[in-house]
Each structure stands twice: as structure tokens, then as C-alpha cells.
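Engineer: Quick one: this structure, given as C-alpha cells, is what I'll be asking you about.
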Amino acid sequence: SFGRAALGHLGRAAAAYGVLVVGLLLTLLATRFVSQTVEAQERVRFDEAAVATKASVDRRVNASYVDTMLGADGLFSASENVSREEWANYTRAIDLESRYEGLQALGYAPRVAPEEKEAFVESVREEGFGDFGSRLGMRSSDGEEEAYFPLTYVEPFTEANATTLGDDLYAIPEYRAAMDGARDTNSPRATGKVYLISETGPNSKADLALKEGFLVFVPIYDQGEPGASGRDLTGFIVGAVRTDDMLREIFGQPLDPAVDLEVYDGRVPTADNLLYDRDGVERAGEDVTARRQGIGGALAWITGLPLGETGRSYGFSWSDTLYVAGHEWTLYLEALPGFEEQGADEQLPLFVFLSGLGVSLLLFGVTYMLVRSRVRAQMASRELEDANRELESTNRELESFSYSVSHDLRAPLRSIDGFSQILLEDYADDLDEDGKAYLGRVRSASQRMGHLIDDLLGLSRVTRGAMRRERVDLSSIGREVARSLMETDRARTVEFLIEDGLEIQGDARLVRVVLENLLGNAFKFTGKE
């Protein structure tokens with residue numbers, strides 16, 4: 001029973017539910033279209049931020065940090081012998097510690113031939129560095145002797161930087177590859193990811209710690225043209241850079257706070273190659289679209305609204321390579337959940353969705369009410385038709401009854417009237433005046449009943465006829481009825497006042513019957529003169 005009622009309801013309200021379904025589909029399509037448009041705008045904004053980020057890294061590292069080292073190269077080109085004091089004065093002049101927060105140390109490593117080692121070490125120790133050169137040793141490559149490149153000058157001369165003084169940089173394989181590249185190309189070359197001994201923060205219990213960074217080597221040559229074999233090489237300018245501090249300095253302000261930046265050494269983004277991660281959550285290499293899961297993710301894809309588990313609708317990411325002093329880095333940027341909220345049109349898809357939902361429900365309600373009104377009107381019409389059929393049947397039965405009664409009553413009335421007349425005519429002598437009066441009253445009553453029966457039969461004939469509506473001259477019909485009444489009793493003098501030009505809409509036959517009855521009654525009961 002419930003199932004049949006539900007099916008009946010759906011059948012009656014099919015149009016309303018159809019309007020609702022179409023409205024919801026159009027709402028989803030409109031929301032998806034607007035969301036894609038907004039997403040395209042946000043994608044452009046994100047790509048612009050990514051390109052600006054890459055340009056900022058390139059400008060700051062290559063055009064600022066590396067250029068500072070090239071400036072130091074100019075110092076050696078202008079002087080045959082740069083003293084330790086001159087080197088310190090140069091670093092103070094360029095305001096190294098405040099202008100280059102990520103540049104932990106700027107040093108100088110001269111080329112020292114094996115036969116010059118003892119004399120060179122002694123000269124440095126005479127400057128007050130008694131243990132200088134203690135870690136220098138003889139090395140060979142392919143059976144050939146090579147030179148030493150001890151770190152001789154380093155500024156600022158902090159506790160952490162002092163621990164590296166005298167280290168033979170060429171003895172470290174990671175450094176050697178970069179130094180060979182700088183020597184052969186006569187251009188700055190950076191190492192891969194290395195760990196630098198650095199000072200710790202004020203809240204740390206330890207004095208020194210290892211931090212991710214890299215070194216940049218700038219070759220220094222004699223005044224003449226450098227040779228291809230590097231025999232004219234006199235040393236290297238060395239820059240030790242802490243990537244975390246350098247990139248934090250670069251992106252502390254300009255980078256959108258809702259964008260994560262990760263920098264990797266080389267082409268493959270792995271945890272071992274990570275140089276810098278802005279928020280500490282490694283994201284490179286993950287599929288950002290895979291984070292949208294479940295029903296919320298499906299709705300987010302359909303509507304473009306932020307309904308996924310991550311609370312985000314787009315998930316933009318961008319990756320590109322950058323060469324820093326000849327060494328390849330990978331930059332990875334990803335939009336965080338708050339990125340799209342900063343867009344001017346971010347709420348537009350939600351507005352379109354809610355507006356469309358509201359309009360769909362409104363149209364559904366209006367259509368449902370119209371359908372219900374139509375159903376009720378149809379039910380009322382059927383009920384009225386049933387009532388009309390019942391009324392017609394009742395009228396037919398009443399007409400039949402009236403006709404039958406009227407017809408059956410005529411015979412006894414005629415008998416009563418006829419026998420009364422016979423009594424008055426044939427037995428008048430045997431009746432006194434009261435008897436004659438009584439028989440007269442009987443005849444009069446039977447005649448009146450005959451007139452009533454005639455009226456019933458007339459009414460029955462009138463109701464059985466079809467009504468025909470037309471323009472009727474009421475004044476003309478009234479005069480005809482009046483003349484007929486005057487002819488029935490010429491002895492009476494009765495005045496009928498009928499206004500000219502009275503017209504109505506109706507059935508002329510029925511109007512005549514009404515006037516005959518109305519005027520007839522008035523004529524009968526008007527006082528006789």
C-alpha cells in the first residue's frame with residue numbers, strides 16, 4: 001500500500017521532480033564552469049608566483065651572492081698580494097654579516113705547490129695561527145703530484161669558521177669536483193649539498209651544529225691569460241652558504257604565505273637531496289590530486305568546491321630546474337589550502353552553487369504547488385461531474401415522478417368534477433342550497449387541482465427542454481402576456497405599465513413562462529373594480 005502510494009505521488013509530482021533534477025544539473029554545470037574559470041585564473045596567479053620565485057632565487061644567488069665572490073676576485077686582480085687585513089677590510093666594507101645572512105663565510109684558498117708547503121705553512125703560523133697546516137698531507141692522482149688549496153683567509157672569523165682554517169679543500173672529493181670545474185671553465189662553480197659547521201641559536205645547548213649548505217668556488221688566475229691545464233691558477237675565492245638562511249632571507253616577505261617552497265640538490269627530489277623546505281613538510285614527488293579522496297573529493301571534482309579531505313579545491317604544483325654557479329637545483333612549489341582563498345573570485349563558485357540550489361528548490365516548490373492545484377482541480381472537476389450526473393439522474397426521476405403523478409391524478413379529478421356536475425344537474429331538486437354549495441365547492445377545488453397538475457406538467461416540459469441563450473425583448477413579451485390575460489376576462493379593466501426597450505440575455509421560452517406566472521398572479525389577485 002505504501003509503495004503504491006509512493007508511486008502515485010511520484011506520478012502526480014513527476015513534473016516538479018523533473019524541474020528539480022534539471023535545475024540541480026544546470027546548477028552543477030554552472031558551478032563547474034565558474035570553478036574552472038576561477039581555477040584557470042588562480043593557475044595563472046600561481047604560475048606567476050612560481051616564475052617570480054625562480055627569478056628571485058636566481059637573482060639573489062647568482063647575481064648577489066656569487067657576484068660578491070667575483071668582487072673579491074677583483075680584489076686579487078688589483079693587488080699582487082692581498083693581506084689578511086685587506087681581506088677582513090673587504091668583508092666589512094660589503095657588510096657581509098648583515099647584507100648576506102646566508103653567506104656563512106667568505107674565504108681564500110691559495111694554490112700551494114708541494115715544494116712550497118713548508119714555507120707557506122710557516123709564514124701563516126707566524127701570523128699567530130700556530131696549528132695552521134697540521135692537516136695538510138701529500139696526495140697523488142694517477143701517480144702525479146698535485147697542489148694544495150688550504151683555506152687561509154676566512155671572514156667573519158667566528159668560532160665555527162675558525163675550525164675550517166687550514167683545511168685542504170681540494171682533499172674533499174665533493175669540493176674537488178667543483179674546484180676542477182671552476183678551474184677548467186674560469187667561472188664560479190657550486191658543490192652539491194654539504195654540511196657546514198655553524199653556530200647554533202640562542203636556545204640550543206650545543207655551541208656548534210651541522211647545517212645544510214653548499215660551497216661556491218671562484219678561480220683566481222695570474223694577470224696573464226689562463227692556461228687550459230690550469231697551471232696559471234693561483235687559488236680560489238670560497239663562499240660557504242647556508243641554504244636555509246639564504247632562502248629564508250629571500251622568501252621571508254615576497255613569497256605568498258600559502259605557497260610551499262622546496263629546493264633540492266640535483267634533478268631528483270629526495271629527502272637526502274633536500275636543501276630547503278619552507279614549512280617542513282616534504283611534498284615533492286607526491287600526487288597532489290591523490291589527496292582528494294572519498295565522497296568529498298568526488299564532489300570537489302564535480303563542483304570545483306573545496307569539499308575534499310584536504311579542504312582545498314585545486315592543488316597546484318610547479319617544478320623547474322635552476323643552475324646556481326653551474327650546479328643544478330630543482331625548485332618545487334605547491335599551493336597550500338589557503339592559496340585560493342586569497343583570490344578575489346574564490347567564493348564565486350560557492351555563490352553560484354548556493355544560488356542555483358536555491359532557485360532549483362524554489363522552482364520545485366512552485367511547480368509542486370501548481371501540480372497539486374491542478375490535481376485538486378481535476379479531482380474537484382470529477383466530483384462536480386459526478387454530482388451533475390447524480391443531479392441529472394435525480395431531476396429525471398423527479399420529472400418522471402411529476403409527470404406520472406400529474407397524469408395519474410387527472411382521471412380521478414375528472415371523475416370527481418364530472419360526477420359533481422351530474423349531481424348538480426340531475427339531482428338539483430333533491431338537494432338543498434347547502435348541498436348545492438358543497439358540490440360547487442368540490443367542483444371548484446377539483447378544477448384548481450387540475451390547474452396545478454397542468455402547471456406541474458408544464459414545468460416538467462420546461463425543464464426537459466434545452467436552454468438557448470439569446471437576446472430577448474422583455475418589453476415585447478410582457479405586452480403579449482398582458483394582451484392574453486386581458487382577453488381571458490374582457491369585463492375587467494386592468495392597466496399594465498410596461499417600459500419600452502427592455503432587453504435581456506436568456507431563453508425566450510423560459511422568460512415567457514416566468515412572465516406568464518408573475519403577471520398572471522398579479523392579474524388574478526389585483527383588486528376588481
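Letters A, B, ... mark the chains of the C-alpha cells in the order given; residue numbers begin at 1 per chain; ligand numbers begin at 1, in order shown.
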Find the spatial neighbours of Val57 of chain A, counting only C-alpha atoms, within a cut-off of 8 Å - ignore same-chain residues fewer than 4 positions away - and output them as a ChimeraX atom specification.
Structural biologist: /A:53,61-62,247,250
Engineer: Take the residues just selected and output them with N, CA and C atoms as a compact mmCIF listing (two decimals), in the first residue's frame.
Structural biologist:
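Output file selection.txt follows:
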# COMPACT_ATOMS: atom_id res chain seq x y z
N THR A 53 59.38 33.46 -8.14
CA THR A 53 60.23 32.80 -7.14
C THR A 53 61.54 32.34 -7.77
N VAL A 61 71.01 34.49 -5.62
CA VAL A 61 72.17 33.61 -5.51
C VAL A 61 73.23 33.97 -6.53
N ASN A 62 72.83 33.97 -7.80
CA ASN A 62 73.82 34.17 -8.86
C ASN A 62 74.23 35.64 -9.01
N LEU A 247 67.69 31.16 1.74
CA LEU A 247 66.36 31.13 1.12
C LEU A 247 65.31 31.74 2.04
N ILE A 250 65.51 35.28 1.36
CA ILE A 250 64.94 35.65 0.06
C ILE A 250 63.42 35.67 0.11
Engineer: Please identify the strand (DSSP E) residues within segment 31-148 of chain A (assignment by DSSP from backbone atoms) and present them as number ranges by chain.
Structural biologist: A: 103-110, 140-141, 144-145
Engineer: Between A:Thr270, A:Arg84, A:Val259, A:Ser393, single out the one closest to Ser317 of chain A, counting only C-alpha atoms.
Structural biologist: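 Of A:Thr270, A:Arg84, A:Val259, A:Ser393, the one nearest Ser317 of chain A is A:Val259, counting only C-alpha atoms.
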Engineer: Please provide as a PyMOL selection string all residues within 8 Å of Ala335 of chain A, with the sequence filter that same-chain residues fewer than 2 positions apart are discarded (counting only C-alpha atoms).
Structural biologist: chain A and resi 46+258-260+315-317+333+337-339
Engineer: I need the chosen residues saved as a short mmCIF file (atom, residue, chain, number, x, y, z; two decimals), in the first residue's frame, with N, CA, C and O atoms.
Structural biologist:
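Output contents, as saved in out.cif:
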data_model
loop_
_atom_site.label_atom_id
_atom_site.label_comp_id
_atom_site.auth_asym_id
_atom_site.auth_seq_id
_atom_site.Cartn_x
_atom_site.Cartn_y
_atom_site.Cartn_z
N PHE A 46 49.26 31.49 -9.70
CA PHE A 46 50.26 30.59 -9.11
C PHE A 46 51.50 30.50 -10.00
O PHE A 46 52.63 30.53 -9.50
N ALA A 258 50.83 31.22 1.41
CA ALA A 258 50.08 30.00 1.14
C ALA A 258 50.73 29.14 0.06
O ALA A 258 50.08 28.30 -0.54
N VAL A 259 52.01 29.38 -0.20
CA VAL A 259 52.76 28.60 -1.19
C VAL A 259 53.97 27.99 -0.49
O VAL A 259 54.73 28.68 0.18
N ASP A 260 54.12 26.69 -0.64
CA ASP A 260 55.27 25.99 -0.05
C ASP A 260 56.39 25.92 -1.08
O ASP A 260 56.15 25.66 -2.27
N GLY A 315 45.06 22.35 -5.78
CA GLY A 315 46.26 21.55 -5.64
C GLY A 315 47.27 21.84 -6.74
O GLY A 315 47.72 20.93 -7.43
N PHE A 316 47.60 23.13 -6.93
CA PHE A 316 48.59 23.50 -7.94
C PHE A 316 49.99 23.11 -7.48
O PHE A 316 50.33 23.21 -6.31
N SER A 317 50.81 22.68 -8.42
CA SER A 317 52.21 22.42 -8.14
C SER A 317 53.03 22.82 -9.36
O SER A 317 52.51 22.89 -10.49
N LEU A 333 57.31 24.12 -6.06
CA LEU A 333 56.34 24.96 -5.36
C LEU A 333 54.99 24.27 -5.41
O LEU A 333 54.62 23.65 -6.42
N PRO A 337 46.34 24.95 1.16
CA PRO A 337 44.89 25.14 1.18
C PRO A 337 44.44 26.59 1.19
O PRO A 337 43.38 26.91 0.70
N GLY A 338 45.21 27.50 1.77
CA GLY A 338 44.76 28.89 1.85
C GLY A 338 45.05 29.71 0.61
O GLY A 338 44.68 30.88 0.55
N PHE A 339 45.71 29.11 -0.40
CA PHE A 339 46.12 29.90 -1.56
C PHE A 339 44.92 30.44 -2.32
O PHE A 339 44.84 31.63 -2.64
#
Engineer: Residues near Leu361 of chain A, anyone? I mean within 12 Å using only C-alpha atoms, not counting same-chain ones fewer than 3 positions away, as a PyMOL selection string.
Structural biologist: chain A and resi 16-24+27+354-358+364-368
Engineer: The selected residues should be written to file as a PDB file, in the first residue's frame (atoms: N, CA and C atoms).
Structural biologist:
ATOM      1  N   ALA A  16       7.275  18.235 -11.201  1.00  0.00           N
ATOM      2  CA  ALA A  16       8.003  19.013 -10.196  1.00  0.00           C
ATOM      3  C   ALA A  16       9.387  18.420  -9.953  1.00  0.00           C
ATOM      4  N   TYR A  17       9.443  17.090  -9.827  1.00  0.00           N
ATOM      5  CA  TYR A  17      10.752  16.461  -9.606  1.00  0.00           C
ATOM      6  C   TYR A  17      11.638  16.579 -10.847  1.00  0.00           C
ATOM      7  N   GLY A  18      11.034  16.556 -12.021  1.00  0.00           N
ATOM      8  CA  GLY A  18      11.814  16.781 -13.234  1.00  0.00           C
ATOM      9  C   GLY A  18      12.440  18.168 -13.252  1.00  0.00           C
ATOM     10  N   VAL A  19      11.659  19.183 -12.842  1.00  0.00           N
ATOM     11  CA  VAL A  19      12.199  20.543 -12.753  1.00  0.00           C
ATOM     12  C   VAL A  19      13.348  20.596 -11.755  1.00  0.00           C
ATOM     13  N   LEU A  20      13.202  19.901 -10.614  1.00  0.00           N
ATOM     14  CA  LEU A  20      14.257  19.890  -9.598  1.00  0.00           C
ATOM     15  C   LEU A  20      15.532  19.246 -10.135  1.00  0.00           C
ATOM     16  N   VAL A  21      15.394  18.105 -10.815  1.00  0.00           N
ATOM     17  CA  VAL A  21      16.573  17.413 -11.352  1.00  0.00           C
ATOM     18  C   VAL A  21      17.271  18.272 -12.395  1.00  0.00           C
ATOM     19  N   VAL A  22      16.499  18.862 -13.310  1.00  0.00           N
ATOM     20  CA  VAL A  22      17.104  19.717 -14.336  1.00  0.00           C
ATOM     21  C   VAL A  22      17.785  20.922 -13.699  1.00  0.00           C
ATOM     22  N   GLY A  23      17.135  21.516 -12.685  1.00  0.00           N
ATOM     23  CA  GLY A  23      17.739  22.669 -12.008  1.00  0.00           C
ATOM     24  C   GLY A  23      19.040  22.319 -11.321  1.00  0.00           C
ATOM     25  N   LEU A  24      19.065  21.145 -10.658  1.00  0.00           N
ATOM     26  CA  LEU A  24      20.296  20.732  -9.982  1.00  0.00           C
ATOM     27  C   LEU A  24      21.403  20.437 -10.987  1.00  0.00           C
ATOM     28  N   THR A  27      22.697  23.644 -12.184  1.00  0.00           N
ATOM     29  CA  THR A  27      23.486  24.265 -11.117  1.00  0.00           C
ATOM     30  C   THR A  27      24.875  23.671 -11.047  1.00  0.00           C
ATOM     31  N   LEU A 354      25.154  27.819  -4.405  1.00  0.00           N
ATOM     32  CA  LEU A 354      24.069  28.065  -3.457  1.00  0.00           C
ATOM     33  C   LEU A 354      22.892  28.772  -4.127  1.00  0.00           C
ATOM     34  N   SER A 355      23.209  29.732  -5.030  1.00  0.00           N
ATOM     35  CA  SER A 355      22.131  30.428  -5.740  1.00  0.00           C
ATOM     36  C   SER A 355      21.348  29.466  -6.615  1.00  0.00           C
ATOM     37  N   GLY A 356      22.076  28.639  -7.366  1.00  0.00           N
ATOM     38  CA  GLY A 356      21.400  27.661  -8.214  1.00  0.00           C
ATOM     39  C   GLY A 356      20.586  26.671  -7.417  1.00  0.00           C
ATOM     40  N   LEU A 357      21.113  26.243  -6.271  1.00  0.00           N
ATOM     41  CA  LEU A 357      20.374  25.328  -5.408  1.00  0.00           C
ATOM     42  C   LEU A 357      19.092  25.980  -4.898  1.00  0.00           C
ATOM     43  N   GLY A 358      19.205  27.252  -4.488  1.00  0.00           N
ATOM     44  CA  GLY A 358      18.023  27.956  -4.006  1.00  0.00           C
ATOM     45  C   GLY A 358      16.971  28.123  -5.087  1.00  0.00           C
ATOM     46  N   PHE A 364      11.103  24.081  -7.853  1.00  0.00           N
ATOM     47  CA  PHE A 364      10.473  22.816  -7.475  1.00  0.00           C
ATOM     48  C   PHE A 364       9.220  23.077  -6.624  1.00  0.00           C
ATOM     49  N   GLY A 365       9.343  23.986  -5.639  1.00  0.00           N
ATOM     50  CA  GLY A 365       8.204  24.294  -4.788  1.00  0.00           C
ATOM     51  C   GLY A 365       7.040  24.884  -5.566  1.00  0.00           C
ATOM     52  N   VAL A 366       7.350  25.841  -6.475  1.00  0.00           N
ATOM     53  CA  VAL A 366       6.284  26.467  -7.268  1.00  0.00           C
ATOM     54  C   VAL A 366       5.615  25.439  -8.166  1.00  0.00           C
ATOM     55  N   THR A 367       6.449  24.617  -8.848  1.00  0.00           N
ATOM     56  CA  THR A 367       5.888  23.605  -9.746  1.00  0.00           C
ATOM     57  C   THR A 367       5.070  22.580  -8.972  1.00  0.00           C
ATOM     58  N   TYR A 368       5.575  22.196  -7.802  1.00  0.00           N
ATOM     59  CA  TYR A 368       4.848  21.217  -6.996  1.00  0.00           C
ATOM     60  C   TYR A 368       3.489  21.769  -6.563  1.00  0.00           C
TER      61      TYR A 368
END
Engineer: With distances taken over only C-alpha atoms, which residue among A:Ala109, A:Ala171, A:Ala508, A:Leu413 lies nearest Glu146 of chain A?
Structural biologist: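 The shortest atom-to-atom distance to Glu146 of chain A comes from A:Ala171.
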Engineer: Which segment 46-111 of chain A residues have any atom within 12 Å of an atom of segment 122-131 of chain A, and for each, what is the nearest pair of atoms with distance in Å to one decimal, counting only C-alpha atoms, rows sorted by chain and number, as a Markdown table?
Structural biologist:
| residue | atom | partner | partner_atom | distance |
| --- | --- | --- | --- | --- |
| A:Ser83 | CA | A:Glu127 | CA | 10.9 |
| A:Arg84 | CA | A:Glu127 | CA | 9.3 |
| A:Glu85 | CA | A:Glu127 | CA | 11.0 |
| A:Pro110 | CA | A:Val124 | CA | 12.0 |
Engineer: May I have the residues within 12 Å of Asn517 of chain A as a list of chain:residue names, using only C-alpha atoms and disregarding those fewer than 5 positions away in the same chain?
Structural biologist: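 Returned residues: A:Asp455, A:Gly458, A:Leu459, A:Gly478, A:Val481, A:Ala482, A:Leu485, A:Leu510, A:Val511, A:Arg512, A:Ala522, A:Phe523, A:Lys524.
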Engineer: Would you write out those residues with C-alpha atoms, as a PDB file, in the first residue's frame?
Structural biologist:
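What landed in result-v6.pdb:
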ATOM      1  CA  ASP A 455     -48.723  23.633 -14.142  1.00  0.00           C
ATOM      2  CA  GLY A 458     -45.804  22.484 -17.947  1.00  0.00           C
ATOM      3  CA  LEU A 459     -42.858  22.774 -15.575  1.00  0.00           C
ATOM      4  CA  GLY A 478     -44.574  41.400 -21.470  1.00  0.00           C
ATOM      5  CA  VAL A 481     -48.660  38.174 -21.997  1.00  0.00           C
ATOM      6  CA  ALA A 482     -50.682  41.204 -20.907  1.00  0.00           C
ATOM      7  CA  LEU A 485     -54.562  37.966 -19.821  1.00  0.00           C
ATOM      8  CA  LEU A 510     -38.492  30.278 -20.217  1.00  0.00           C
ATOM      9  CA  VAL A 511     -38.753  34.057 -19.876  1.00  0.00           C
ATOM     10  CA  ARG A 512     -42.303  33.876 -21.248  1.00  0.00           C
ATOM     11  CA  ALA A 522     -50.786  39.790 -10.357  1.00  0.00           C
ATOM     12  CA  PHE A 523     -53.782  39.826 -12.705  1.00  0.00           C
ATOM     13  CA  LYS A 524     -55.708  37.283 -10.642  1.00  0.00           C
TER      14      LYS A 524
END
Engineer: Which residues are near Arg99 of chain A? Cut-off 12 Å, only C-alpha atoms, ignore same chain within fewer than 3 positions. Put them as number ranges by chain.
Structural biologist: A: 60, 64-65, 68, 91-96, 102-104, 245-246, 249-250
Engineer: How about saving the chosen residues, C-alpha atoms kept, as a PDB file, in the first residue's frame?
Structural biologist:
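Result written to result04.pdb:
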ATOM      1  CA  ARG A  60      69.788  36.561  -5.199  1.00  0.00           C
ATOM      2  CA  SER A  64      74.150  38.767  -5.476  1.00  0.00           C
ATOM      3  CA  TYR A  65      75.978  36.065  -3.568  1.00  0.00           C
ATOM      4  CA  THR A  68      80.126  39.228  -4.131  1.00  0.00           C
ATOM      5  CA  THR A  91      84.307  41.784   4.048  1.00  0.00           C
ATOM      6  CA  ARG A  92      83.486  44.585   6.477  1.00  0.00           C
ATOM      7  CA  ALA A  93      83.101  47.028   3.603  1.00  0.00           C
ATOM      8  CA  ILE A  94      80.496  44.892   1.868  1.00  0.00           C
ATOM      9  CA  ASP A  95      78.690  44.428   5.222  1.00  0.00           C
ATOM     10  CA  LEU A  96      78.866  40.672   4.837  1.00  0.00           C
ATOM     11  CA  GLY A 102      73.042  33.044   4.321  1.00  0.00           C
ATOM     12  CA  LEU A 103      76.724  33.587   3.463  1.00  0.00           C
ATOM     13  CA  GLN A 104      78.373  31.997   6.471  1.00  0.00           C
ATOM     14  CA  ASP A 245      69.173  31.077   5.986  1.00  0.00           C
ATOM     15  CA  MET A 246      69.757  32.267   2.430  1.00  0.00           C
ATOM     16  CA  GLU A 249      66.078  35.682   3.681  1.00  0.00           C
ATOM     17  CA  ILE A 250      64.945  35.652   0.062  1.00  0.00           C
TER      18      ILE A 250
END
Engineer: Show which residues sit within 9 Å of segment 275-281 of chain A, as a PyMOL selection string. Count only C-alpha atoms, and ignore same-chain residues fewer than 6 positions away.
Structural biologist: chain A and resi 193+212-213+243-244+247-248+251+259-265
Engineer: Please measure the separation of atom CA of Glu80 of chain A and atom CA of Lys117 of chain A, giving the value in Å to one decimal.
Structural biologist: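 Pair atom CA of Glu80 of chain A / atom CA of Lys117 of chain A returns 19.7 Å.
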